[in-house]
$ cat start_9.pdb   # PDB, C-alpha atoms
ATOM      1  CA  GLY A   1     -87.136 105.145-127.846  1.00  0.00           C
ATOM      2  CA  VAL A   2     -87.593 103.763-124.344  1.00  0.00           C
ATOM      3  CA  THR A   3     -90.121 106.296-123.067  1.00  0.00           C
ATOM      4  CA  PRO A   4     -93.783 105.206-122.840  1.00  0.00           C
ATOM      5  CA  SER A   5     -96.400 106.862-125.013  1.00  0.00           C
ATOM      6  CA  HIS A   6     -99.646 106.261-123.124  1.00  0.00           C
ATOM      7  CA  ALA A   7    -101.087 106.930-119.692  1.00  0.00           C
ATOM      8  CA  ALA A   8    -104.486 107.112-118.039  1.00  0.00           C
ATOM      9  CA  GLY A   9    -106.011 109.108-115.259  1.00  0.00           C
ATOM     10  CA  ARG A  10    -109.119 108.462-113.217  1.00  0.00           C
ATOM     11  CA  VAL A  11    -111.733 110.983-112.127  1.00  0.00           C
ATOM     12  CA  GLY A  12    -114.377 109.195-110.078  1.00  0.00           C
ATOM     13  CA  ALA A  13    -115.614 106.295-112.166  1.00  0.00           C
ATOM     14  CA  ASP A  14    -114.231 107.740-115.408  1.00  0.00           C
ATOM     15  CA  VAL A  15    -110.903 106.560-116.811  1.00  0.00           C
ATOM     16  CA  LYS A  16    -109.410 108.973-119.308  1.00  0.00           C
ATOM     17  CA  PRO A  17    -106.584 107.768-121.569  1.00  0.00           C
ATOM     18  CA  GLY A  18    -103.877 110.221-122.497  1.00  0.00           C
ATOM     19  CA  PHE A  19    -101.231 110.372-125.203  1.00  0.00           C
ATOM     20  CA  LEU A  20     -97.951 111.507-123.656  1.00  0.00           C
ATOM     21  CA  ARG A  21     -95.560 111.751-126.566  1.00  0.00           C
ATOM     22  CA  ARG A  22     -95.788 112.521-130.264  1.00  0.00           C
ATOM     23  CA  THR A  23     -93.579 111.159-133.034  1.00  0.00           C
ATOM     24  CA  LEU A  24     -92.007 108.466-130.866  1.00  0.00           C
ATOM     25  CA  PRO A  25     -88.687 107.242-132.400  1.00  0.00           C
ATOM     26  CA  VAL A  26     -89.019 103.572-133.343  1.00  0.00           C
ATOM     27  CA  ALA A  27     -86.624 100.970-134.753  1.00  0.00           C
ATOM     28  CA  ALA A  28     -86.447  97.180-134.557  1.00  0.00           C
ATOM     29  CA  PHE A  29     -83.523  94.860-134.001  1.00  0.00           C
ATOM     30  CA  PRO A  30     -82.475  93.663-136.501  1.00  0.00           C
ATOM     31  CA  SER A  31     -83.300  96.776-138.527  1.00  0.00           C
ATOM     32  CA  ASN A  32     -84.713  94.815-141.464  1.00  0.00           C
ATOM     33  CA  LYS A  33     -87.674  93.939-139.207  1.00  0.00           C
ATOM     34  CA  THR A  34     -88.651  97.580-138.624  1.00  0.00           C
ATOM     35  CA  ASP A  35     -91.424  97.577-141.251  1.00  0.00           C
ATOM     36  CA  ILE A  36     -93.014  94.494-139.664  1.00  0.00           C
ATOM     37  CA  ALA A  37     -92.747  96.071-136.218  1.00  0.00           C
ATOM     38  CA  MET A  38     -94.391  99.279-137.427  1.00  0.00           C
ATOM     39  CA  GLU A  39     -97.336  97.351-138.890  1.00  0.00           C
ATOM     40  CA  ARG A  40     -98.008  95.830-135.481  1.00  0.00           C
ATOM     41  CA  LEU A  41     -97.354  99.004-133.499  1.00  0.00           C
ATOM     42  CA  ALA A  42     -99.685 101.100-135.660  1.00  0.00           C
ATOM     43  CA  ALA A  43    -102.674  99.976-133.583  1.00  0.00           C
ATOM     44  CA  ILE A  44    -101.292 101.489-130.370  1.00  0.00           C
ATOM     45  CA  LEU A  45     -98.979 104.320-131.470  1.00  0.00           C
ATOM     46  CA  MET A  46    -100.786 107.464-132.585  1.00  0.00           C
ATOM     47  CA  SER A  47     -97.631 108.796-134.181  1.00  0.00           C
ATOM     48  CA  ALA A  48     -94.162 107.366-134.638  1.00  0.00           C
ATOM     49  CA  GLU A  49     -91.009 108.128-136.547  1.00  0.00           C
ATOM     50  CA  VAL A  50     -89.175 105.252-138.195  1.00  0.00           C
ATOM     51  CA  CYS A  51     -85.483 105.508-137.397  1.00  0.00           C
ATOM     52  CA  LYS A  52     -82.442 103.981-139.068  1.00  0.00           C
ATOM     53  CA  ASN A  53     -81.696 101.392-136.382  1.00  0.00           C
ATOM     54  CA  VAL A  54     -81.588 100.842-132.626  1.00  0.00           C
ATOM     55  CA  ILE A  55     -78.246 102.632-132.349  1.00  0.00           C
ATOM     56  CA  GLU A  56     -80.040 105.786-133.447  1.00  0.00           C
ATOM     57  CA  THR A  57     -83.007 105.359-131.101  1.00  0.00           C
ATOM     58  CA  ASN A  58     -80.781 104.545-128.137  1.00  0.00           C
ATOM     59  CA  LEU A  59     -78.409 107.447-128.747  1.00  0.00           C
ATOM     60  CA  GLU A  60     -81.525 109.647-128.653  1.00  0.00           C
ATOM     61  CA  SER A  61     -83.038 108.113-125.493  1.00  0.00           C
ATOM     62  CA  MET A  62     -84.652 110.801-123.343  1.00  0.00           C
ATOM     63  CA  ASN A  63     -83.501 108.997-120.186  1.00  0.00           C
ATOM     64  CA  LEU A  64     -79.916 109.400-121.382  1.00  0.00           C
ATOM     65  CA  LEU A  65     -80.482 113.076-122.209  1.00  0.00           C
ATOM     66  CA  ILE A  66     -82.702 114.433-119.409  1.00  0.00           C
ATOM     67  CA  HIS A  67     -82.071 112.501-116.180  1.00  0.00           C
ATOM     68  CA  PRO A  68     -78.292 112.830-115.630  1.00  0.00           C
ATOM     69  CA  ALA A  69     -77.863 116.532-114.886  1.00  0.00           C
ATOM     70  CA  MET A  70     -81.026 116.832-112.777  1.00  0.00           C
ATOM     71  CA  SER A  71     -79.934 113.789-110.778  1.00  0.00           C
ATOM     72  CA  LEU A  72     -76.329 114.770-110.133  1.00  0.00           C
ATOM     73  CA  LEU A  73     -76.696 118.488-109.472  1.00  0.00           C
ATOM     74  CA  ASN A  74     -79.601 118.089-107.053  1.00  0.00           C
ATOM     75  CA  VAL A  75     -78.332 115.255-104.853  1.00  0.00           C
ATOM     76  CA  GLY A  76     -78.211 117.485-101.771  1.00  0.00           C
ATOM     77  CA  PHE A  77     -81.817 118.588-102.284  1.00  0.00           C
ATOM     78  CA  TYR A  78     -82.991 114.997-102.743  1.00  0.00           C
ATOM     79  CA  ASP A  79     -81.080 113.862 -99.651  1.00  0.00           C
ATOM     80  CA  ARG A  80     -82.737 116.531 -97.505  1.00  0.00           C
ATOM     81  CA  ARG A  81     -86.195 115.632 -98.811  1.00  0.00           C
ATOM     82  CA  MET A  82     -85.496 111.950 -98.177  1.00  0.00           C
ATOM     83  CA  ALA A  83     -84.327 112.651 -94.626  1.00  0.00           C
ATOM     84  CA  ALA A  84     -87.522 114.593 -93.993  1.00  0.00           C
ATOM     85  CA  GLY A  85     -89.645 111.743 -95.329  1.00  0.00           C
ATOM     86  CA  ARG A  86     -90.907 113.898 -98.187  1.00  0.00           C
ATOM     87  CA  LYS A  87     -91.118 113.511-101.947  1.00  0.00           C
ATOM     88  CA  ALA A  88     -89.343 115.760-104.459  1.00  0.00           C
ATOM     89  CA  ASP A  89     -90.427 117.575-107.602  1.00  0.00           C
ATOM     90  CA  PHE A  90     -87.730 116.104-109.845  1.00  0.00           C
ATOM     91  CA  TYR A  91     -88.694 118.008-113.011  1.00  0.00           C
ATOM     92  CA  GLY A  92     -89.718 121.154-111.115  1.00  0.00           C
ATOM     93  CA  THR A  93     -87.322 122.075-108.308  1.00  0.00           C
ATOM     94  CA  GLY A  94     -84.737 119.752-109.854  1.00  0.00           C
ATOM     95  CA  ASN A  95     -84.867 121.640-113.160  1.00  0.00           C
ATOM     96  CA  THR A  96     -82.332 124.353-112.366  1.00  0.00           C
ATOM     97  CA  GLU A  97     -80.520 126.542-114.898  1.00  0.00           C
ATOM     98  CA  SER A  98     -77.252 124.729-114.161  1.00  0.00           C
ATOM     99  CA  ALA A  99     -78.917 121.353-114.688  1.00  0.00           C
ATOM    100  CA  GLY A 100     -80.219 122.577-118.030  1.00  0.00           C
ATOM    101  CA  LEU A 101     -76.750 123.791-119.012  1.00  0.00           C
ATOM    102  CA  LEU A 102     -75.086 120.500-118.049  1.00  0.00           C
ATOM    103  CA  ALA A 103     -77.737 118.599-120.019  1.00  0.00           C
ATOM    104  CA  GLU A 104     -76.914 120.697-123.085  1.00  0.00           C
ATOM    105  CA  LEU A 105     -73.152 120.170-122.663  1.00  0.00           C
ATOM    106  CA  MET A 106     -73.551 116.388-122.287  1.00  0.00           C
ATOM    107  CA  ASP A 107     -75.895 116.441-125.263  1.00  0.00           C
ATOM    108  CA  ALA A 108     -73.395 118.344-127.438  1.00  0.00           C
ATOM    109  CA  ALA A 109     -70.795 115.661-126.702  1.00  0.00           C
ATOM    110  CA  ARG A 110     -73.166 113.195-128.387  1.00  0.00           C
ATOM    111  CA  LYS A 111     -72.893 114.926-131.767  1.00  0.00           C
ATOM    112  CA  PRO A 112     -69.476 113.538-132.860  1.00  0.00           C
ATOM    113  CA  ILE A 113     -70.495 110.072-131.577  1.00  0.00           C
ATOM    114  CA  CYS A 114     -73.578 110.108-133.797  1.00  0.00           C
ATOM    115  CA  ALA A 115     -71.434 111.245-136.729  1.00  0.00           C
ATOM    116  CA  ALA A 116     -68.975 108.404-136.133  1.00  0.00           C
ATOM    117  CA  TYR A 117     -71.773 105.817-136.423  1.00  0.00           C
ATOM    118  CA  GLY A 118     -73.621 107.467-139.284  1.00  0.00           C
ATOM    119  CA  THR A 119     -76.769 108.275-137.318  1.00  0.00           C
ATOM    120  CA  ARG A 120     -78.481 111.633-137.155  1.00  0.00           C
ATOM    121  CA  TYR A 121     -77.895 114.046-134.328  1.00  0.00           C
ATOM    122  CA  ARG A 122     -80.936 115.898-133.082  1.00  0.00           C
ATOM    123  CA  SER A 123     -80.446 118.011-129.986  1.00  0.00           C
ATOM    124  CA  VAL A 124     -82.207 117.283-126.720  1.00  0.00           C
ATOM    125  CA  LEU A 125     -84.003 120.631-127.046  1.00  0.00           C
ATOM    126  CA  GLU A 126     -85.426 119.540-130.405  1.00  0.00           C
ATOM    127  CA  HIS A 127     -86.485 116.212-128.890  1.00  0.00           C
ATOM    128  CA  ILE A 128     -88.396 117.952-126.097  1.00  0.00           C
ATOM    129  CA  HIS A 129     -90.208 120.176-128.591  1.00  0.00           C
ATOM    130  CA  ILE A 130     -91.086 117.259-130.886  1.00  0.00           C
ATOM    131  CA  LEU A 131     -92.132 114.755-128.212  1.00  0.00           C
ATOM    132  CA  TYR A 132     -93.896 117.098-125.812  1.00  0.00           C
ATOM    133  CA  GLY A 133     -94.628 120.296-127.694  1.00  0.00           C
ATOM    134  CA  GLY A 134     -94.263 123.631-125.967  1.00  0.00           C
ATOM    135  CA  GLU A 135     -91.652 126.303-126.314  1.00  0.00           C
ATOM    136  CA  GLY A 136     -88.360 127.199-124.643  1.00  0.00           C
ATOM    137  CA  ALA A 137     -85.102 128.575-125.995  1.00  0.00           C
ATOM    138  CA  ASN A 138     -83.013 126.147-123.931  1.00  0.00           C
ATOM    139  CA  VAL A 139     -83.448 122.872-122.052  1.00  0.00           C
ATOM    140  CA  HIS A 140     -84.197 124.537-118.720  1.00  0.00           C
ATOM    141  CA  GLU A 141     -86.983 126.633-120.248  1.00  0.00           C
ATOM    142  CA  ALA A 142     -88.369 123.800-122.383  1.00  0.00           C
ATOM    143  CA  VAL A 143     -88.741 121.452-119.394  1.00  0.00           C
ATOM    144  CA  ALA A 144     -90.263 124.227-117.280  1.00  0.00           C
ATOM    145  CA  GLN A 145     -92.832 125.026-119.984  1.00  0.00           C
ATOM    146  CA  SER A 146     -93.709 121.424-120.875  1.00  0.00           C
ATOM    147  CA  ASP A 147     -97.193 120.288-119.834  1.00  0.00           C
ATOM    148  CA  PHE A 148     -95.900 116.731-119.567  1.00  0.00           C
ATOM    149  CA  TYR A 149     -93.030 117.523-117.186  1.00  0.00           C
ATOM    150  CA  ARG A 150     -95.193 119.893-115.117  1.00  0.00           C
ATOM    151  CA  GLY A 151     -97.796 117.144-114.815  1.00  0.00           C
ATOM    152  CA  VAL A 152     -95.420 114.532-113.371  1.00  0.00           C
ATOM    153  CA  GLY A 153     -95.501 116.105-109.916  1.00  0.00           C
ATOM    154  CA  ASP A 154     -93.676 114.876-106.831  1.00  0.00           C
ATOM    155  CA  LEU A 155     -91.726 111.609-106.975  1.00  0.00           C
ATOM    156  CA  PRO A 156     -89.900 109.572-104.308  1.00  0.00           C
ATOM    157  CA  ALA A 157     -86.904 111.660-103.300  1.00  0.00           C
ATOM    158  CA  ASP A 158     -84.466 108.809-103.971  1.00  0.00           C
ATOM    159  CA  ILE A 159     -85.875 107.913-107.395  1.00  0.00           C
ATOM    160  CA  TRP A 160     -82.699 109.244-108.995  1.00  0.00           C
ATOM    161  CA  ARG A 161     -80.858 106.283-107.451  1.00  0.00           C
ATOM    162  CA  SER A 162     -82.987 103.672-109.208  1.00  0.00           C
ATOM    163  CA  TRP A 163     -82.985 105.645-112.454  1.00  0.00           C
ATOM    164  CA  MET A 164     -79.212 106.042-112.450  1.00  0.00           C
ATOM    165  CA  GLY A 165     -78.794 102.429-111.325  1.00  0.00           C
ATOM    166  CA  ASN A 166     -80.414 101.463-114.627  1.00  0.00           C
ATOM    167  CA  ASP A 167     -79.187 104.274-116.853  1.00  0.00           C
ATOM    168  CA  LEU A 168     -75.483 104.006-116.004  1.00  0.00           C
ATOM    169  CA  PRO A 169     -74.939 100.379-117.102  1.00  0.00           C
ATOM    170  CA  LEU A 170     -77.552 100.346-119.872  1.00  0.00           C
ATOM    171  CA  ALA A 171     -77.050 103.766-121.444  1.00  0.00           C
ATOM    172  CA  HIS A 172     -74.086 105.832-120.253  1.00  0.00           C
ATOM    173  CA  VAL A 173     -71.411 103.131-120.225  1.00  0.00           C
ATOM    174  CA  PRO A 174     -72.372 101.832-123.710  1.00  0.00           C
ATOM    175  CA  LEU A 175     -72.347 105.449-124.970  1.00  0.00           C
ATOM    176  CA  VAL A 176     -68.816 105.996-123.642  1.00  0.00           C
ATOM    177  CA  GLU A 177     -67.598 102.669-125.037  1.00  0.00           C
ATOM    178  CA  LEU A 178     -69.148 103.309-128.452  1.00  0.00           C
ATOM    179  CA  ALA A 179     -67.464 106.722-128.473  1.00  0.00           C
ATOM    180  CA  GLU A 180     -64.052 105.417-127.488  1.00  0.00           C
ATOM    181  CA  HIS A 181     -64.259 102.487-129.927  1.00  0.00           C
ATOM    182  CA  ALA A 182     -64.702 105.115-132.648  1.00  0.00           C
ATOM    183  CA  GLY A 183     -61.857 107.272-131.311  1.00  0.00           C
ATOM    184  CA  VAL A 184     -64.198 110.010-130.067  1.00  0.00           C
ATOM    185  CA  PRO A 185     -63.439 111.549-126.644  1.00  0.00           C
ATOM    186  CA  ALA A 186     -66.264 111.227-124.104  1.00  0.00           C
ATOM    187  CA  ALA A 187     -64.622 112.725-121.014  1.00  0.00           C
ATOM    188  CA  LEU A 188     -67.759 114.421-119.680  1.00  0.00           C
ATOM    189  CA  HIS A 189     -69.833 111.229-119.888  1.00  0.00           C
ATOM    190  CA  ARG A 190     -67.036 109.066-118.504  1.00  0.00           C
ATOM    191  CA  GLY A 191     -66.630 111.456-115.590  1.00  0.00           C
ATOM    192  CA  PHE A 192     -70.365 111.387-114.964  1.00  0.00           C
ATOM    193  CA  VAL A 193     -70.343 107.589-114.726  1.00  0.00           C
ATOM    194  CA  ASP A 194     -67.412 107.636-112.290  1.00  0.00           C
ATOM    195  CA  ILE A 195     -68.993 110.271-110.009  1.00  0.00           C
ATOM    196  CA  VAL A 196     -72.466 108.690-109.884  1.00  0.00           C
ATOM    197  CA  ASP A 197     -70.955 105.210-109.452  1.00  0.00           C
ATOM    198  CA  ALA A 198     -69.122 106.573-106.408  1.00  0.00           C
ATOM    199  CA  LEU A 199     -72.390 107.934-104.987  1.00  0.00           C
ATOM    200  CA  LEU A 200     -74.257 104.673-105.594  1.00  0.00           C
ATOM    201  CA  GLY A 201     -71.407 102.390-104.512  1.00  0.00           C
ATOM    202  CA  THR A 202     -71.519 100.575-107.852  1.00  0.00           C
ATOM    203  CA  ASN A 203     -69.075  99.771-110.643  1.00  0.00           C
ATOM    204  CA  SER A 204     -70.967 100.166-113.885  1.00  0.00           C
ATOM    205  CA  TRP A 205     -67.847  99.619-115.992  1.00  0.00           C
ATOM    206  CA  VAL A 206     -67.895  95.996-114.785  1.00  0.00           C
ATOM    207  CA  SER A 207     -71.647  95.332-114.468  1.00  0.00           C
ATOM    208  CA  SER A 208     -72.841  97.028-117.659  1.00  0.00           C
ATOM    209  CA  TRP A 209     -73.813  95.579-121.017  1.00  0.00           C
ATOM    210  CA  SER A 210     -70.507  96.568-122.538  1.00  0.00           C
ATOM    211  CA  VAL A 211     -69.931  96.742-126.282  1.00  0.00           C
ATOM    212  CA  ASP A 212     -67.905  93.519-126.150  1.00  0.00           C
ATOM    213  CA  LYS A 213     -70.560  91.730-124.073  1.00  0.00           C
ATOM    214  CA  CYS A 214     -73.325  92.759-126.509  1.00  0.00           C
ATOM    215  CA  TYR A 215     -71.192  91.740-129.488  1.00  0.00           C
ATOM    216  CA  ASN A 216     -70.556  88.285-128.024  1.00  0.00           C
ATOM    217  CA  TRP A 217     -74.228  87.827-127.063  1.00  0.00           C
ATOM    218  CA  TYR A 218     -75.410  88.735-130.562  1.00  0.00           C
ATOM    219  CA  PHE A 219     -73.141  86.315-132.365  1.00  0.00           C
ATOM    220  CA  LYS A 220     -73.944  83.502-129.942  1.00  0.00           C
ATOM    221  CA  SER A 221     -77.651  84.118-130.557  1.00  0.00           C
ATOM    222  CA  ILE A 222     -77.379  83.765-134.338  1.00  0.00           C
ATOM    223  CA  CYS A 223     -74.944  80.856-134.429  1.00  0.00           C
TER     224      CYS A 223
END
$ encode --input "start_9.pdb" --output "structure tokens"
Amino acid sequence: GVTPSHAAGRVGADVKPGFLRRTLPVAAFPSNKTDIAMERLAAILMSAEVCKNVIETNLESMNLLIHPAMSLLNVGFYDRRMAAGRKADFYGTGNTESAGLLAELMDAARKPICAAYGTRYRSVLEHIHILYGGEGANVHEAVAQSDFYRGVGDLPADIWRSWMGNDLPLAHVPLVELAEHAGVPAALHRGFVDIVDALLGTNSWVSSWSVDKCYNWYFKSIC
């Protein structure tokens, strides 16, 4: 997974390390190097889960699963905070019931894509519980009750722009292309890319690491 596992806070002269996430999904590329990677990562990862391959870990990326709905459905709120020169509580005020619902709907669309590529599907709600602990019967409740998300605090009001500027070409576009290559509809995710591209003034379908671009890069690298 792409999320970090460690952090540190300072109180006076004392620096206190913290472990942010449990059972971090890990795979290496190529997948036959995963065992070697795990031997080296054991010194810094308190707990990890060995996954099948990087397709599995990337299809389960928390950036892909958590950021989109909170970014899109709260643009007006972030704009007003930005105009006032103030920060925004992305995981607090931005965690509305509608954002939680949209996250679950986009997550459910992932299930047939995972099936098409023979990787497991574990819901975003399960991921939150495993990585961060806590309770919650749905995504909205789980984020609201998570010590990790509550501890993030205020962030720059336009942070969604930089996050989506990375996530669209590196996560959402590849997800849509993988789905459509396998004959699986991904209308909700494709629509999300189009809408956020319009807001950012970008064209992620052209600038992204597309499936074809990755395929060509890989075979050039091994030839």
$ residues_around --input "start_9.pdb" --residues "A:Val75" --least-positions-apart "5" --cutoff "9 Å" --atoms "only C-alpha atoms" --output "list in words"
Met70, Arg80, Asp158 and Trp160 of chain A
$ atom_distance --input "start_9.pdb" --atom1 "atom CA of A:His127" --atom2 "atom CA of A:Ala144"
14.6 Å
$ atom_distance --input "start_9.pdb" --atom1 "atom CA of A:Ala157" --atom2 "atom CA of A:Asp79"
7.2 Å
$ closest_residue --input "start_9.pdb" --among "A:Glu60, A:Ile113, A:Val152, A:Leu200" --to "A:Leu125" --atoms "only C-alpha atoms"
A:Glu60
$ resolve_selection --input "start_9.pdb" --expression "the PyMOL selection byres ((chain A and resi 179) around 12)" --output "NGL selection string"
:A and (59 or 109-117 or 172-178 or 180-190 or 211)
$ write_last_selection --input "start_9.pdb" --atoms "C-alpha atoms" --output "PDB file, in the coordinates of the input"
ATOM      1  CA  LEU A  59     -78.409 107.447-128.747  1.00  0.00           C
ATOM      2  CA  ALA A 109     -70.795 115.661-126.702  1.00  0.00           C
ATOM      3  CA  ARG A 110     -73.166 113.195-128.387  1.00  0.00           C
ATOM      4  CA  LYS A 111     -72.893 114.926-131.767  1.00  0.00           C
ATOM      5  CA  PRO A 112     -69.476 113.538-132.860  1.00  0.00           C
ATOM      6  CA  ILE A 113     -70.495 110.072-131.577  1.00  0.00           C
ATOM      7  CA  CYS A 114     -73.578 110.108-133.797  1.00  0.00           C
ATOM      8  CA  ALA A 115     -71.434 111.245-136.729  1.00  0.00           C
ATOM      9  CA  ALA A 116     -68.975 108.404-136.133  1.00  0.00           C
ATOM     10  CA  TYR A 117     -71.773 105.817-136.423  1.00  0.00           C
ATOM     11  CA  HIS A 172     -74.086 105.832-120.253  1.00  0.00           C
ATOM     12  CA  VAL A 173     -71.411 103.131-120.225  1.00  0.00           C
ATOM     13  CA  PRO A 174     -72.372 101.832-123.710  1.00  0.00           C
ATOM     14  CA  LEU A 175     -72.347 105.449-124.970  1.00  0.00           C
ATOM     15  CA  VAL A 176     -68.816 105.996-123.642  1.00  0.00           C
ATOM     16  CA  GLU A 177     -67.598 102.669-125.037  1.00  0.00           C
ATOM     17  CA  LEU A 178     -69.148 103.309-128.452  1.00  0.00           C
ATOM     18  CA  GLU A 180     -64.052 105.417-127.488  1.00  0.00           C
ATOM     19  CA  HIS A 181     -64.259 102.487-129.927  1.00  0.00           C
ATOM     20  CA  ALA A 182     -64.702 105.115-132.648  1.00  0.00           C
ATOM     21  CA  GLY A 183     -61.857 107.272-131.311  1.00  0.00           C
ATOM     22  CA  VAL A 184     -64.198 110.010-130.067  1.00  0.00           C
ATOM     23  CA  PRO A 185     -63.439 111.549-126.644  1.00  0.00           C
ATOM     24  CA  ALA A 186     -66.264 111.227-124.104  1.00  0.00           C
ATOM     25  CA  ALA A 187     -64.622 112.725-121.014  1.00  0.00           C
ATOM     26  CA  LEU A 188     -67.759 114.421-119.680  1.00  0.00           C
ATOM     27  CA  HIS A 189     -69.833 111.229-119.888  1.00  0.00           C
ATOM     28  CA  ARG A 190     -67.036 109.066-118.504  1.00  0.00           C
ATOM     29  CA  VAL A 211     -69.931  96.742-126.282  1.00  0.00           C
TER      30      VAL A 211
END
$ residues_around --input "start_9.pdb" --residues "A:Val139" --least-positions-apart "5" --cutoff "8 Å" --atoms "all atoms listed in the file" --output "PDB file with C-alpha atoms, keeping the file's coordinate frame"
ATOM      1  CA  GLY A 100     -80.219 122.577-118.030  1.00  0.00           C
ATOM      2  CA  LEU A 101     -76.750 123.791-119.012  1.00  0.00           C
ATOM      3  CA  ALA A 103     -77.737 118.599-120.019  1.00  0.00           C
ATOM      4  CA  GLU A 104     -76.914 120.697-123.085  1.00  0.00           C
ATOM      5  CA  VAL A 124     -82.207 117.283-126.720  1.00  0.00           C
ATOM      6  CA  LEU A 125     -84.003 120.631-127.046  1.00  0.00           C
TER       7      LEU A 125
END
$ closest_residue --input "start_9.pdb" --among "A:Lys213, A:Asp197, A:Asn58, A:Glu135" --to "A:Ala171" --atoms "only C-alpha atoms"
A:Asn58
$ atom_distance --input "start_9.pdb" --atom1 "atom CA of A:Ala99" --atom2 "atom CA of A:His140"
7.4 Å
$ resolve_selection --input "start_9.pdb" --expression "the PyMOL selection byres ((chain A and resi 81) around 12)" --output "PyMOL selection string"
chain A and resi 74-80+82-90+93-94+154-159
$ closest_residue --input "start_9.pdb" --among "A:Val54, A:Ala198, A:Ala28, A:Leu64" --to "A:Trp163" --atoms "all atoms listed in the file"
A:Leu64
$ closest_residue --input "start_9.pdb" --among "A:Leu131, A:Ile36, A:Ile66, A:Ala142" --to "A:Met106" --atoms "all atoms listed in the file"
A:Ile66
$ residues_near_point --input "start_9.pdb" --point "(-98.7, 103.9, -139.1)" --cutoff "12 Å" --atoms "only C-alpha atoms" --output "PyMOL selection string"
chain A and resi 23-24+26+34-50
$ resolve_selection --input "start_9.pdb" --expression "the PyMOL selection byres ((chain A and resi 132) around 10)" --output "PyMOL selection string"
chain A and resi 19-23+126-131+133-135+142-143+145-149
$ decode --input "start_9.pdb" --residues "stretch 129-134 of chain A" --atoms "all heavy atoms" --output "PDB file, in the first residue's frame"
ATOM      1  N   HIS A 129     -11.050  -0.546   9.351  1.00  0.00           N
ATOM      2  CA  HIS A 129     -11.025  -1.272  10.620  1.00  0.00           C
ATOM      3  C   HIS A 129      -9.683  -1.971  10.833  1.00  0.00           C
ATOM      4  O   HIS A 129      -9.134  -1.961  11.943  1.00  0.00           O
ATOM      5  CB  HIS A 129     -12.156  -2.297  10.644  1.00  0.00           C
ATOM      6  CG  HIS A 129     -13.515  -1.689  10.780  1.00  0.00           C
ATOM      7  ND1 HIS A 129     -14.673  -2.376  10.492  1.00  0.00           N
ATOM      8  CD2 HIS A 129     -13.906  -0.452  11.157  1.00  0.00           C
ATOM      9  CE1 HIS A 129     -15.715  -1.606  10.700  1.00  0.00           C
ATOM     10  NE2 HIS A 129     -15.285  -0.426  11.106  1.00  0.00           N
ATOM     11  N   ILE A 130      -9.143  -2.585   9.779  1.00  0.00           N
ATOM     12  CA  ILE A 130      -7.892  -3.329   9.911  1.00  0.00           C
ATOM     13  C   ILE A 130      -6.703  -2.397  10.104  1.00  0.00           C
ATOM     14  O   ILE A 130      -5.855  -2.613  10.978  1.00  0.00           O
ATOM     15  CB  ILE A 130      -7.674  -4.226   8.675  1.00  0.00           C
ATOM     16  CG1 ILE A 130      -8.716  -5.354   8.655  1.00  0.00           C
ATOM     17  CG2 ILE A 130      -6.257  -4.814   8.665  1.00  0.00           C
ATOM     18  CD1 ILE A 130      -8.764  -6.128   7.353  1.00  0.00           C
ATOM     19  N   LEU A 131      -6.619  -1.337   9.303  1.00  0.00           N
ATOM     20  CA  LEU A 131      -5.461  -0.449   9.350  1.00  0.00           C
ATOM     21  C   LEU A 131      -5.468   0.462  10.574  1.00  0.00           C
ATOM     22  O   LEU A 131      -4.415   0.743  11.157  1.00  0.00           O
ATOM     23  CB  LEU A 131      -5.406   0.414   8.086  1.00  0.00           C
ATOM     24  CG  LEU A 131      -4.996  -0.286   6.795  1.00  0.00           C
ATOM     25  CD1 LEU A 131      -5.202   0.637   5.612  1.00  0.00           C
ATOM     26  CD2 LEU A 131      -3.548  -0.744   6.845  1.00  0.00           C
ATOM     27  N   TYR A 132      -6.649   0.938  10.956  1.00  0.00           N
ATOM     28  CA  TYR A 132      -6.726   1.964  11.984  1.00  0.00           C
ATOM     29  C   TYR A 132      -7.447   1.534  13.244  1.00  0.00           C
ATOM     30  O   TYR A 132      -7.466   2.278  14.228  1.00  0.00           O
ATOM     31  CB  TYR A 132      -7.421   3.215  11.427  1.00  0.00           C
ATOM     32  CG  TYR A 132      -6.778   3.767  10.192  1.00  0.00           C
ATOM     33  CD1 TYR A 132      -7.498   3.931   9.010  1.00  0.00           C
ATOM     34  CD2 TYR A 132      -5.440   4.131  10.190  1.00  0.00           C
ATOM     35  CE1 TYR A 132      -6.901   4.443   7.875  1.00  0.00           C
ATOM     36  CE2 TYR A 132      -4.836   4.642   9.063  1.00  0.00           C
ATOM     37  CZ  TYR A 132      -5.575   4.791   7.901  1.00  0.00           C
ATOM     38  OH  TYR A 132      -4.969   5.300   6.781  1.00  0.00           O
ATOM     39  N   GLY A 133      -8.093   0.374  13.228  1.00  0.00           N
ATOM     40  CA  GLY A 133      -8.878  -0.016  14.383  1.00  0.00           C
ATOM     41  C   GLY A 133     -10.171   0.775  14.459  1.00  0.00           C
ATOM     42  O   GLY A 133     -10.582   1.412  13.495  1.00  0.00           O
ATOM     43  N   GLY A 134     -10.812   0.739  15.613  1.00  0.00           N
ATOM     44  CA  GLY A 134     -12.043   1.498  15.773  1.00  0.00           C
ATOM     45  C   GLY A 134     -13.257   0.729  15.277  1.00  0.00           C
ATOM     46  O   GLY A 134     -13.172  -0.421  14.850  1.00  0.00           O
TER      47      GLY A 134
END
